[in-house]
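As stored in final_18.cif (mmCIF, C-alpha atoms):
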data_upload
loop_
_atom_site.label_atom_id
_atom_site.label_comp_id
_atom_site.auth_asym_id
_atom_site.auth_seq_id
_atom_site.Cartn_x
_atom_site.Cartn_y
_atom_site.Cartn_z
CA MET A 32 11.13 30.49 14.35
CA THR A 33 10.63 28.35 17.45
CA ARG A 34 9.49 25.46 15.24
CA ILE A 35 12.55 25.82 13.00
CA ILE A 36 14.87 25.78 16.00
CA ALA A 37 13.04 22.75 17.40
CA LEU A 38 13.38 20.92 14.08
CA ALA A 39 17.08 21.81 13.89
CA LEU A 40 17.62 20.46 17.40
CA ILE A 41 15.75 17.27 16.52
CA ALA A 42 17.83 16.83 13.36
CA ALA A 43 21.04 17.37 15.28
CA SER A 44 20.12 14.84 17.94
CA PRO A 45 22.04 11.56 17.50
CA VAL A 46 19.20 9.40 18.78
CA TYR A 47 15.69 10.65 18.12
CA ALA A 48 12.68 8.81 19.46
CA ALA A 49 9.62 10.95 18.87
CA ASP A 50 7.21 11.06 21.80
CA PHE A 51 3.71 12.20 20.99
CA SER A 52 2.02 10.60 23.97
CA GLU A 53 1.10 13.82 25.76
CA GLY A 54 -2.67 14.23 25.88
CA SER A 55 -3.33 10.97 24.05
CA SER A 56 -6.26 8.84 25.16
CA ALA A 57 -5.50 6.03 22.72
CA LYS A 58 -6.50 2.55 23.82
CA SER A 59 -3.73 -0.02 24.01
CA TRP A 60 -3.76 -3.03 21.69
CA ASN A 61 -1.01 -4.63 23.75
CA LEU A 62 1.35 -4.56 20.79
CA TYR A 63 5.03 -4.97 21.56
CA ALA A 64 6.16 -1.69 20.03
CA GLU A 65 3.08 0.52 20.34
CA ALA A 66 3.09 3.99 21.86
CA PRO A 67 0.09 6.29 22.26
CA ALA A 68 0.40 9.24 19.91
CA LEU A 69 -1.70 12.37 19.53
CA PHE A 70 -0.51 14.82 16.91
CA GLU A 71 -1.54 17.37 14.32
CA ALA A 72 -1.07 16.45 10.67
CA LYS A 73 -2.23 17.09 7.14
CA VAL A 74 -4.08 14.22 5.45
CA VAL A 75 -2.32 13.48 2.15
CA ASP A 76 -2.35 10.95 -0.68
CA ILE A 77 0.87 9.03 -0.06
CA THR A 78 1.48 8.26 -3.74
CA CYS A 79 1.09 11.95 -4.54
CA GLU A 80 3.32 12.99 -1.66
CA VAL A 81 6.09 10.58 -2.59
CA THR A 82 5.99 10.52 -6.41
CA GLY A 83 4.18 13.72 -7.42
CA ASP A 84 1.32 11.86 -9.17
CA CYS A 85 -1.69 13.65 -7.71
CA PRO A 86 -5.30 12.90 -8.75
CA ASP A 87 -8.27 14.76 -7.30
CA ASN A 88 -9.51 14.11 -3.77
CA CYS A 89 -6.49 12.05 -2.68
CA GLY A 90 -7.42 9.28 -5.13
CA ASP A 91 -11.06 9.15 -4.00
CA GLY A 92 -10.58 6.17 -1.71
CA ASP A 93 -8.44 4.06 -4.02
CA ARG A 94 -5.14 5.16 -2.52
CA GLN A 95 -3.48 4.89 0.86
CA LEU A 96 -3.59 8.15 2.80
CA GLY A 97 -0.82 9.49 4.98
CA LEU A 98 -0.40 11.92 7.82
CA LEU A 99 2.12 14.68 7.26
CA ARG A 100 2.96 15.48 10.87
CA ALA A 101 2.98 19.21 11.65
CA ALA A 102 5.65 19.06 14.34
CA ASP A 103 8.43 17.61 12.21
CA ASP A 104 7.12 17.19 8.63
CA VAL A 105 7.43 13.39 8.91
CA LEU A 106 5.13 11.33 6.67
CA VAL A 107 3.38 8.87 8.99
CA PHE A 108 1.73 5.82 7.39
CA PRO A 109 -1.63 4.87 8.95
CA ASN A 110 -1.78 1.14 8.25
CA LYS A 111 -4.83 0.44 10.38
CA ASN A 112 -8.07 1.95 11.57
CA ALA A 113 -9.63 1.49 15.03
CA GLN A 114 -11.70 -1.59 14.28
CA SER A 115 -10.58 -5.01 15.36
CA GLY A 116 -10.06 -7.11 12.27
CA PHE A 117 -8.42 -6.39 8.97
CA GLN A 118 -9.32 -2.86 7.91
CA GLY A 119 -7.06 -0.07 6.73
CA ALA A 120 -7.51 3.63 7.43
CA THR A 121 -8.28 5.13 4.01
CA VAL A 122 -12.07 5.12 4.37
CA ASP A 123 -11.85 6.91 7.72
CA LEU A 124 -9.33 9.53 6.58
CA LEU A 125 -10.71 10.32 3.12
CA PRO A 126 -13.26 12.90 4.38
CA PHE A 127 -10.28 14.85 5.71
CA CYS A 128 -8.23 14.83 2.48
CA GLY A 129 -6.02 17.93 2.35
CA LYS A 130 -7.13 19.12 5.77
CA GLN A 131 -5.20 19.74 8.95
CA VAL A 132 -6.38 17.27 11.56
CA ASP A 133 -5.63 16.01 15.02
CA VAL A 134 -5.30 12.25 15.22
CA ASP A 135 -5.06 9.97 18.22
CA GLY A 136 -3.90 6.39 18.07
CA LEU A 137 -0.90 4.10 18.36
CA LEU A 138 2.48 4.68 16.78
CA ILE A 139 4.58 1.62 15.93
CA GLU A 140 8.34 1.98 16.20
CA ASP A 141 10.00 -1.42 16.36
CA GLU A 142 13.77 -1.49 16.03
CA ASP A 143 13.70 -5.30 15.83
CA ILE A 144 11.68 -5.31 12.58
CA GLN A 145 13.35 -3.76 9.57
CA GLY A 146 11.32 -0.78 8.37
CA ALA A 147 8.81 -0.73 11.23
CA THR A 148 8.90 3.02 11.71
CA ASN A 149 6.29 5.77 11.44
CA ILE A 150 3.52 3.15 11.21
CA TYR A 151 0.26 4.20 12.81
CA LEU A 152 -3.08 2.82 13.98
CA VAL A 153 -5.55 5.70 13.91
CA GLN A 154 -8.32 5.52 16.50
CA LYS A 155 -9.95 8.93 16.14
CA VAL A 156 -9.63 12.05 14.03
CA ARG A 157 -10.94 15.60 14.03
CA GLU A 158 -10.35 18.68 11.94
CA VAL A 159 -8.06 21.14 13.70
CA GLY A 160 -10.20 23.58 15.66
CA SER A 161 -13.09 21.16 16.05
CA GLU A 162 -14.05 19.82 19.44
CA ASP A 163 -15.68 16.72 18.01
CA TRP A 164 -13.65 13.58 17.48
CA VAL A 165 -14.73 11.10 14.82
CA LYS A 166 -13.98 7.45 15.57
CA ALA A 167 -11.99 5.72 12.84
CA ASN A 168 -14.35 2.80 12.62
CA THR A 169 -16.37 3.38 9.46
CA TRP A 170 -14.80 0.78 7.15
CA SER A 171 -17.26 -2.04 7.81
CA LYS A 172 -20.26 0.17 7.16
CA ALA A 173 -18.75 1.29 3.84
CA TRP A 174 -18.04 -2.35 2.93
CA ALA A 175 -21.64 -3.36 3.73
CA ALA A 176 -22.94 -0.60 1.47
CA LYS A 177 -20.62 -1.74 -1.34
CA TYR A 178 -21.55 -5.42 -1.06
CA PRO A 179 -25.25 -5.60 -0.11
CA GLU A 180 -25.44 -9.09 -1.63
CA ALA A 181 -22.95 -10.29 0.98
CA LYS A 182 -25.22 -9.46 3.90
CA GLY A 183 -25.29 -12.17 6.53
CA LYS A 184 -24.03 -13.41 9.87
CA GLY A 185 -20.43 -13.26 10.96
CA PRO A 186 -17.58 -10.87 10.23
CA TRP A 187 -17.24 -9.22 6.82
CA PHE A 188 -14.05 -11.05 5.94
CA ARG A 189 -15.87 -14.40 5.95
CA ARG A 190 -18.41 -12.98 3.50
CA ASP A 191 -16.25 -10.84 1.23
CA PRO A 192 -16.98 -11.87 -2.39
CA ARG A 193 -13.47 -11.17 -3.69
CA VAL A 194 -11.75 -13.05 -0.86
CA ASN A 195 -14.13 -15.98 -1.15
CA ALA A 196 -13.53 -16.17 -4.90
CA HIS A 197 -9.80 -16.55 -4.21
CA LEU A 198 -10.37 -19.16 -1.51
CA ALA A 199 -12.68 -21.10 -3.82
CA GLU A 200 -10.04 -21.11 -6.54
CA THR A 201 -6.77 -21.76 -4.68
CA GLY A 202 -7.74 -22.56 -1.08
CA HIS A 203 -6.81 -21.13 2.31
CA PHE A 204 -3.09 -21.74 1.83
CA GLY A 205 -3.16 -20.55 -1.78
CA LEU A 206 -1.65 -23.82 -2.98
CA GLY A 207 -4.61 -25.29 -4.84
CA LEU A 208 -7.75 -27.04 -3.68
CA GLU A 209 -6.31 -30.55 -3.59
CA LYS A 210 -3.37 -29.51 -1.39
CA ASP A 211 -5.71 -27.37 0.71
CA ALA A 212 -8.01 -30.30 1.48
CA GLU A 213 -5.02 -32.41 2.46
CA LEU A 214 -3.63 -29.74 4.80
CA ILE A 215 -6.99 -28.96 6.37
CA LYS A 216 -7.51 -32.66 7.05
CA GLU A 217 -4.13 -32.81 8.81
CA LEU A 218 -4.88 -29.60 10.72
CA PHE A 219 -8.12 -30.80 12.25
CA GLU A 220 -7.31 -34.48 12.79
CA MET B 50 -9.41 22.76 -15.86
CA LYS B 51 -7.36 22.13 -19.01
CA LEU B 52 -3.61 22.38 -18.59
CA THR B 53 -1.76 24.07 -21.42
CA PRO B 54 1.97 23.35 -21.62
CA ILE B 55 2.80 26.92 -20.62
CA PHE B 56 0.38 26.89 -17.68
CA ALA B 57 1.56 23.45 -16.59
CA ALA B 58 5.16 24.66 -16.73
CA SER B 59 4.21 27.70 -14.68
CA MET B 60 2.51 25.52 -12.09
CA LEU B 61 5.56 23.30 -11.90
CA ALA B 62 7.77 26.33 -11.50
CA LEU B 63 5.60 27.51 -8.65
CA GLY B 64 5.60 24.06 -7.10
CA LEU B 65 1.83 23.79 -7.35
CA ALA B 66 1.47 20.62 -9.40
CA ALA B 67 3.07 18.30 -6.89
CA PRO B 68 4.21 18.38 -3.29
CA ALA B 69 7.58 20.00 -2.82
CA SER B 70 8.70 16.86 -1.06
CA ALA B 71 8.05 14.53 -4.02
CA SER B 72 11.34 13.23 -5.32
CA GLU B 73 12.77 11.38 -8.25
CA GLY B 74 12.93 7.66 -7.75
CA GLU B 75 15.74 5.23 -8.30
CA ARG B 76 15.25 2.36 -10.72
CA ILE B 77 15.55 -1.04 -9.11
CA GLN B 78 14.74 -4.67 -9.79
CA ILE B 79 13.83 -6.63 -6.72
CA THR B 80 12.44 -10.02 -5.79
CA GLY B 81 10.25 -10.57 -2.78
CA GLU B 82 6.87 -11.51 -1.36
CA ILE B 83 3.73 -9.39 -1.42
CA ILE B 84 2.77 -9.16 2.27
CA ASP B 85 0.24 -7.40 4.46
CA THR B 86 2.23 -4.79 6.28
CA TRP B 87 0.11 -4.30 9.40
CA CYS B 88 0.51 -7.86 10.61
CA TYR B 89 4.20 -7.74 9.70
CA PHE B 90 5.06 -4.44 11.38
CA SER B 91 2.76 -4.64 14.40
CA GLY B 92 3.43 -8.21 15.50
CA VAL B 93 -0.28 -8.50 16.23
CA MET B 94 -0.35 -12.14 15.12
CA GLY B 95 3.17 -13.26 15.88
CA GLY B 96 6.70 -12.79 14.68
CA PRO B 97 7.67 -11.73 11.15
CA ASP B 98 8.37 -15.27 9.96
CA ALA B 99 4.83 -16.39 10.85
CA VAL B 100 2.84 -13.61 9.17
CA VAL B 101 4.00 -14.27 5.63
CA GLY B 102 3.80 -17.16 3.17
CA SER B 103 1.29 -19.95 2.85
CA ALA B 104 0.57 -20.01 6.61
CA HIS B 105 -0.74 -16.47 6.46
CA HIS B 106 -2.29 -16.49 2.99
CA THR B 107 -5.93 -16.25 4.05
CA CYS B 108 -5.14 -13.38 6.40
CA ALA B 109 -3.13 -11.67 3.65
CA LEU B 110 -6.24 -11.81 1.46
CA TRP B 111 -8.41 -10.39 4.25
CA CYS B 112 -5.98 -7.56 4.93
CA SER B 113 -5.52 -6.67 1.27
CA ALA B 114 -9.28 -6.66 0.68
CA GLY B 115 -9.70 -4.62 3.85
CA GLY B 116 -7.41 -1.90 2.60
CA ILE B 117 -4.37 -2.67 4.74
CA PRO B 118 -1.36 -1.49 2.73
CA VAL B 119 0.61 -4.19 0.98
CA GLY B 120 4.36 -4.27 0.79
CA LEU B 121 7.00 -6.26 -1.00
CA LEU B 122 9.24 -8.05 1.51
CA GLY B 123 12.52 -8.14 -0.34
CA GLU B 124 15.19 -10.79 -0.13
CA ASP B 125 17.24 -8.11 1.62
CA GLY B 126 14.75 -8.08 4.50
CA GLU B 127 13.51 -4.60 3.66
CA VAL B 128 9.80 -3.87 3.21
CA TYR B 129 8.86 -1.82 0.16
CA MET B 130 5.43 -0.22 0.47
CA VAL B 131 3.72 -0.77 -2.89
CA LEU B 132 2.23 2.36 -4.44
CA LYS B 133 1.39 1.07 -7.93
CA ILE B 134 1.63 -2.14 -9.88
CA GLU B 135 1.82 -1.90 -13.67
CA GLY B 136 -0.09 1.37 -13.72
CA ASP B 137 -2.75 0.32 -11.21
CA ASP B 138 -2.68 2.95 -8.45
CA GLN B 139 -5.43 1.34 -6.37
CA ASN B 140 -3.17 0.58 -3.44
CA ALA B 141 -6.03 0.54 -0.92
CA SER B 142 -7.99 -2.68 -1.47
CA GLY B 143 -7.31 -2.88 -5.21
CA ASP B 144 -7.67 -6.07 -7.26
CA THR B 145 -4.06 -6.23 -8.47
CA ASN B 146 -2.75 -6.22 -4.90
CA LEU B 147 -5.31 -8.81 -3.87
CA ASN B 148 -4.46 -11.13 -6.75
CA LEU B 149 -0.78 -11.12 -5.75
CA ALA B 150 -1.27 -11.72 -2.01
CA SER B 151 1.55 -13.95 -0.69
CA HIS B 152 3.09 -14.32 -4.15
CA GLU B 153 6.79 -13.98 -4.69
CA ILE B 154 7.38 -11.61 -7.56
CA THR B 155 10.33 -10.09 -9.34
CA ALA B 156 9.50 -6.45 -9.87
CA ASP B 157 11.10 -3.76 -11.95
CA GLY B 158 10.27 -0.22 -10.97
CA MET B 159 11.09 2.94 -9.11
CA LEU B 160 12.16 3.15 -5.48
CA TYR B 161 11.47 6.17 -3.31
CA LYS B 162 12.55 6.65 0.30
CA ARG B 163 10.84 8.86 2.83
CA ASP B 164 11.14 9.07 6.61
CA GLY B 165 12.49 5.58 7.12
CA LEU B 166 10.07 3.82 4.77
CA ASN B 167 10.69 2.48 1.26
CA TYR B 168 8.06 3.09 -1.41
CA LEU B 169 7.87 1.16 -4.66
CA VAL B 170 6.17 1.88 -7.96
CA VAL B 171 6.22 -1.45 -9.77
CA GLU B 172 6.36 -0.69 -13.46
CA LYS B 173 6.54 -4.32 -14.49
CA VAL B 174 6.06 -7.63 -12.75
CA VAL B 175 8.91 -9.40 -14.49
CA THR B 176 8.01 -12.79 -13.02
CA ASP B 177 5.19 -13.96 -10.78
CA HIS B 178 6.64 -16.98 -9.01
CA GLY B 179 3.40 -17.74 -7.14
CA ILE B 180 3.43 -18.72 -3.47
CA THR B 181 6.89 -20.05 -2.71
CA ASN B 182 7.19 -19.58 1.04
CA LEU B 183 5.66 -22.81 2.33
CA ASN B 184 5.87 -21.83 5.97
CA HIS B 185 2.64 -23.69 6.84
CA GLU B 186 5.03 -26.59 7.38
CA ASP B 187 6.36 -24.70 10.42
CA TYR B 188 3.44 -22.55 11.51
CA GLY B 189 0.27 -24.29 10.32
CA VAL B 190 -2.23 -21.51 9.76
CA VAL B 191 -1.82 -17.98 11.15
CA PRO B 192 -4.10 -16.89 12.72
CA GLY B 193 -5.59 -20.18 13.78
CA PHE B 194 -9.13 -19.03 13.13
CA ALA B 195 -8.36 -18.30 9.47
CA ILE B 196 -9.66 -21.75 8.61
CA PRO B 197 -12.97 -22.66 10.22
CA GLU B 198 -13.17 -26.19 11.57
CA PRO B 199 -14.92 -28.32 8.95
CA LYS B 200 -18.50 -29.25 9.80
CA LYS B 201 -18.92 -32.97 10.48
#

File written out as structure tokens:
Amino acid sequence: MTRIIALALIAASPVYAADFSEGSSAKSWNLYAEAPALFEAKVVDITCEVTGDCPDNCGDGDRQLGLLRAADDVLVFPNKNAQSGFQGATVDLLPFCGKQVDVDGLLIEDEDIQGATNIYLVQKVREVGSEDWVKANTWSKAWAAKYPEAKGKGPWFRRDPRVNAHLAETGHFGLGLEKDAELIKELFE
Amino acid sequence: MKLTPIFAASMLALGLAAPASASEGERIQITGEIIDTWCYFSGVMGGPDAVVGSAHHTCALWCSAGGIPVGLLGEDGEVYMVLKIEGDDQNASGDTNLNLASHEITADGMLYKRDGLNYLVVEKVVTDHGITNLNHEDYGVVPGFAIPEPKK
């Protein structure tokens, strides 16, 4: 009943800025609109949650996963995991598909960018009731296991076979190799 | 488990086949650019105008391959989080998303709205216009390290 009353009060509030910073130990990324956020949620397949198309095991890693926040039933979209670089959060959240978890990370709410609401960078996750946090930093290890032939020095994104195939075909600007060479020459002159 | 029509209907009646919150979409046709949403929403690499288009193409490829969700940045300025494209539901690092990075497309599909975000199931890419936002003319390459300095 308390939760229902709380939700009703939230809904009735003219300006609602959710604050989930209490207890959070999230590390800042110095982003303009970040706020530390620790909350309980259910890990869900976003496509299933939104459209009703629901395969087994939240899509088995092929689909973006969401966090259905326990406090207010809001669907939070984890765009990013804890690693620096260009990795999403699906690999880190998939082991928790369908489970109630605690997550800690950074919530993005930017009124200056259309649609920048309920976007999340997850830094660590644990099943509700567990004492042990799991860092959301497993993407690169999963990538390395998937592409053993791409082993080498430097970050994964310089060695990714699919990305490099695109760059080899249309260049860094995507405008064709001839235009690419011309622009790169200008860039480094 | 095999679903018979009667059992499937019973499950639907009980709300077991899909989340109670799933809703019917609204058919729309929209034109916009396939973007990487983390860079766009977070501002981690600069303002919204810099993290789209040709300037950001390499990073858009990295992000898409890395499983960052892609969105369609509509001409109306709204971002539509892409759930499927022409039946491909691999919206975390899938090939279809990767192949369309930075492309302007005209999409026909279903729009869903939930908690301040737009979600799009693209049923048909009506037109793939390719990369049309030539913002490298203003921003060069974003981020700067996307293109390694050529070896001399």

For CA of Phe188 (chain A) and CA of Glu200 (chain A), quote the distance in Å rounded to one decimal.
16.5 Å

List every protein, DNA or RNA residue with an atom no more than 10 Å from (3.3, -28.3, 8.3) in the file's coordinates, counting all atoms listed in the file, and format the result as JSON, numbers by chain.
{"A": [214, 217, 218], "B": [104, 183, 184, 185, 186, 187, 188, 189, 190]}

I'd like a table as CSV: residues in chain A with an atom no more than 7 Å from chain B, each row giving the shortest atom pair and its distance in Å to one decimal, all atoms listed in the file counted, sorted by chain and rising residue number.
residue,atom,partner,partner_atom,distance
A:Leu62,CA,B:Val93,CA,6.2
A:Thr78,CA,B:Leu132,CA,6.0
A:Glu80,CA,B:Ala71,CA,5.5
A:Val81,CA,B:Ala71,CA,4.6
A:Thr82,CA,B:Ala71,CA,5.1
A:Gly83,CA,B:Ala67,CA,4.7
A:Cys85,CA,B:Ala67,CA,6.7
A:Asp93,CA,B:Gln139,CA,4.7
A:Arg94,CA,B:Ala141,CA,5.0
A:Gln95,CA,B:Ala141,CA,5.3
A:Val105,CA,B:Asp164,CA,6.1
A:Leu106,CA,B:Asp164,CA,6.4
A:Asn110,CA,B:Ile117,CA,5.8
A:Lys111,CA,B:Ile117,CA,6.5
A:Phe117,CA,B:Cys112,CA,4.9
A:Gln118,CA,B:Gly115,CA,4.4
A:Gly119,CA,B:Ile117,CA,4.2
A:Ile139,CA,B:Ser91,CA,6.7
A:Ile144,CA,B:Phe90,CA,6.8
A:Gln145,CA,B:Glu127,CA,6.0
A:Gly146,CA,B:Leu166,CA,6.0
A:Ala147,CA,B:Phe90,CA,5.3
A:Thr148,CA,B:Gly165,CA,6.4
A:Phe188,CA,B:Trp111,CA,5.9
A:Val194,CA,B:Leu110,CA,6.1
A:His203,CA,B:Thr107,CA,5.3
A:Phe204,CA,B:Ser103,CA,4.8
A:Gly205,CA,B:His106,CA,6.3
A:Phe219,CA,B:Glu198,CA,6.9

Could those selected residues go to a file with C-alpha atoms, as a PDB file, in the frame of the given file?
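Heads up, here's the output in part.pdb:
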ATOM      1  CA  LEU A  62       1.350  -4.560  20.790  1.00  0.00           C
ATOM      2  CA  THR A  78       1.480   8.260  -3.740  1.00  0.00           C
ATOM      3  CA  GLU A  80       3.320  12.990  -1.660  1.00  0.00           C
ATOM      4  CA  VAL A  81       6.090  10.580  -2.590  1.00  0.00           C
ATOM      5  CA  THR A  82       5.990  10.520  -6.410  1.00  0.00           C
ATOM      6  CA  GLY A  83       4.180  13.720  -7.420  1.00  0.00           C
ATOM      7  CA  CYS A  85      -1.690  13.650  -7.710  1.00  0.00           C
ATOM      8  CA  ASP A  93      -8.440   4.060  -4.020  1.00  0.00           C
ATOM      9  CA  ARG A  94      -5.140   5.160  -2.520  1.00  0.00           C
ATOM     10  CA  GLN A  95      -3.480   4.890   0.860  1.00  0.00           C
ATOM     11  CA  VAL A 105       7.430  13.390   8.910  1.00  0.00           C
ATOM     12  CA  LEU A 106       5.130  11.330   6.670  1.00  0.00           C
ATOM     13  CA  ASN A 110      -1.780   1.140   8.250  1.00  0.00           C
ATOM     14  CA  LYS A 111      -4.830   0.440  10.380  1.00  0.00           C
ATOM     15  CA  PHE A 117      -8.420  -6.390   8.970  1.00  0.00           C
ATOM     16  CA  GLN A 118      -9.320  -2.860   7.910  1.00  0.00           C
ATOM     17  CA  GLY A 119      -7.060  -0.070   6.730  1.00  0.00           C
ATOM     18  CA  ILE A 139       4.580   1.620  15.930  1.00  0.00           C
ATOM     19  CA  ILE A 144      11.680  -5.310  12.580  1.00  0.00           C
ATOM     20  CA  GLN A 145      13.350  -3.760   9.570  1.00  0.00           C
ATOM     21  CA  GLY A 146      11.320  -0.780   8.370  1.00  0.00           C
ATOM     22  CA  ALA A 147       8.810  -0.730  11.230  1.00  0.00           C
ATOM     23  CA  THR A 148       8.900   3.020  11.710  1.00  0.00           C
ATOM     24  CA  PHE A 188     -14.050 -11.050   5.940  1.00  0.00           C
ATOM     25  CA  VAL A 194     -11.750 -13.050  -0.860  1.00  0.00           C
ATOM     26  CA  HIS A 203      -6.810 -21.130   2.310  1.00  0.00           C
ATOM     27  CA  PHE A 204      -3.090 -21.740   1.830  1.00  0.00           C
ATOM     28  CA  GLY A 205      -3.160 -20.550  -1.780  1.00  0.00           C
ATOM     29  CA  PHE A 219      -8.120 -30.800  12.250  1.00  0.00           C
TER      30      PHE A 219
END

Translate the PyMOL selection byres ((chain A and resi 107) around 8), as applied to the file shown, into an explicit residue set as an MDAnalysis selection string.
chainID A and resid 97:100 105:106 108:109 149:151

Counting only C-alpha atoms, find residues at most 12 Å from (6.1, -9.1, -12.4) (file frame) and give them as number ranges by chain.
B: 78-83, 121, 134-135, 145-146, 149, 152-158, 170-179

For the residues selected in the previous step, produce a file with C-alpha atoms as a short mmCIF file (atom, residue, chain, number, x, y, z; two decimals), in the frame of the given file.
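Generated output (again_5.cif):
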data_model
loop_
_atom_site.label_atom_id
_atom_site.label_comp_id
_atom_site.auth_asym_id
_atom_site.auth_seq_id
_atom_site.Cartn_x
_atom_site.Cartn_y
_atom_site.Cartn_z
CA GLN B 78 14.74 -4.67 -9.79
CA ILE B 79 13.83 -6.63 -6.72
CA THR B 80 12.44 -10.02 -5.79
CA GLY B 81 10.25 -10.57 -2.78
CA GLU B 82 6.87 -11.51 -1.36
CA ILE B 83 3.73 -9.39 -1.42
CA LEU B 121 7.00 -6.26 -1.00
CA ILE B 134 1.63 -2.14 -9.88
CA GLU B 135 1.82 -1.90 -13.67
CA THR B 145 -4.06 -6.23 -8.47
CA ASN B 146 -2.75 -6.22 -4.90
CA LEU B 149 -0.78 -11.12 -5.75
CA HIS B 152 3.09 -14.32 -4.15
CA GLU B 153 6.79 -13.98 -4.69
CA ILE B 154 7.38 -11.61 -7.56
CA THR B 155 10.33 -10.09 -9.34
CA ALA B 156 9.50 -6.45 -9.87
CA ASP B 157 11.10 -3.76 -11.95
CA GLY B 158 10.27 -0.22 -10.97
CA VAL B 170 6.17 1.88 -7.96
CA VAL B 171 6.22 -1.45 -9.77
CA GLU B 172 6.36 -0.69 -13.46
CA LYS B 173 6.54 -4.32 -14.49
CA VAL B 174 6.06 -7.63 -12.75
CA VAL B 175 8.91 -9.40 -14.49
CA THR B 176 8.01 -12.79 -13.02
CA ASP B 177 5.19 -13.96 -10.78
CA HIS B 178 6.64 -16.98 -9.01
CA GLY B 179 3.40 -17.74 -7.14
#

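Relative to CA of Glu65 (chain A), CA of Glu162 (chain A) is found at 25.8 Å.
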
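Counting all atoms listed in the file, the residue from A:Leu206, A:Ala196, A:Ala175, A:Ala72 that sits nearest to Val159 (chain A) is A:Ala72.
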
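In this model, the gap between CA of Ala99 (chain B) and CA of Ala212 (chain A) comes to 21.1 Å.
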
Running the PyMOL selection byres ((chain A and resi 169) around 12) on this model by hand, what would come out? Give it as a ChimeraX atom specification.
/A:111-115,118-126,153-156,165-168,170-176 /B:115
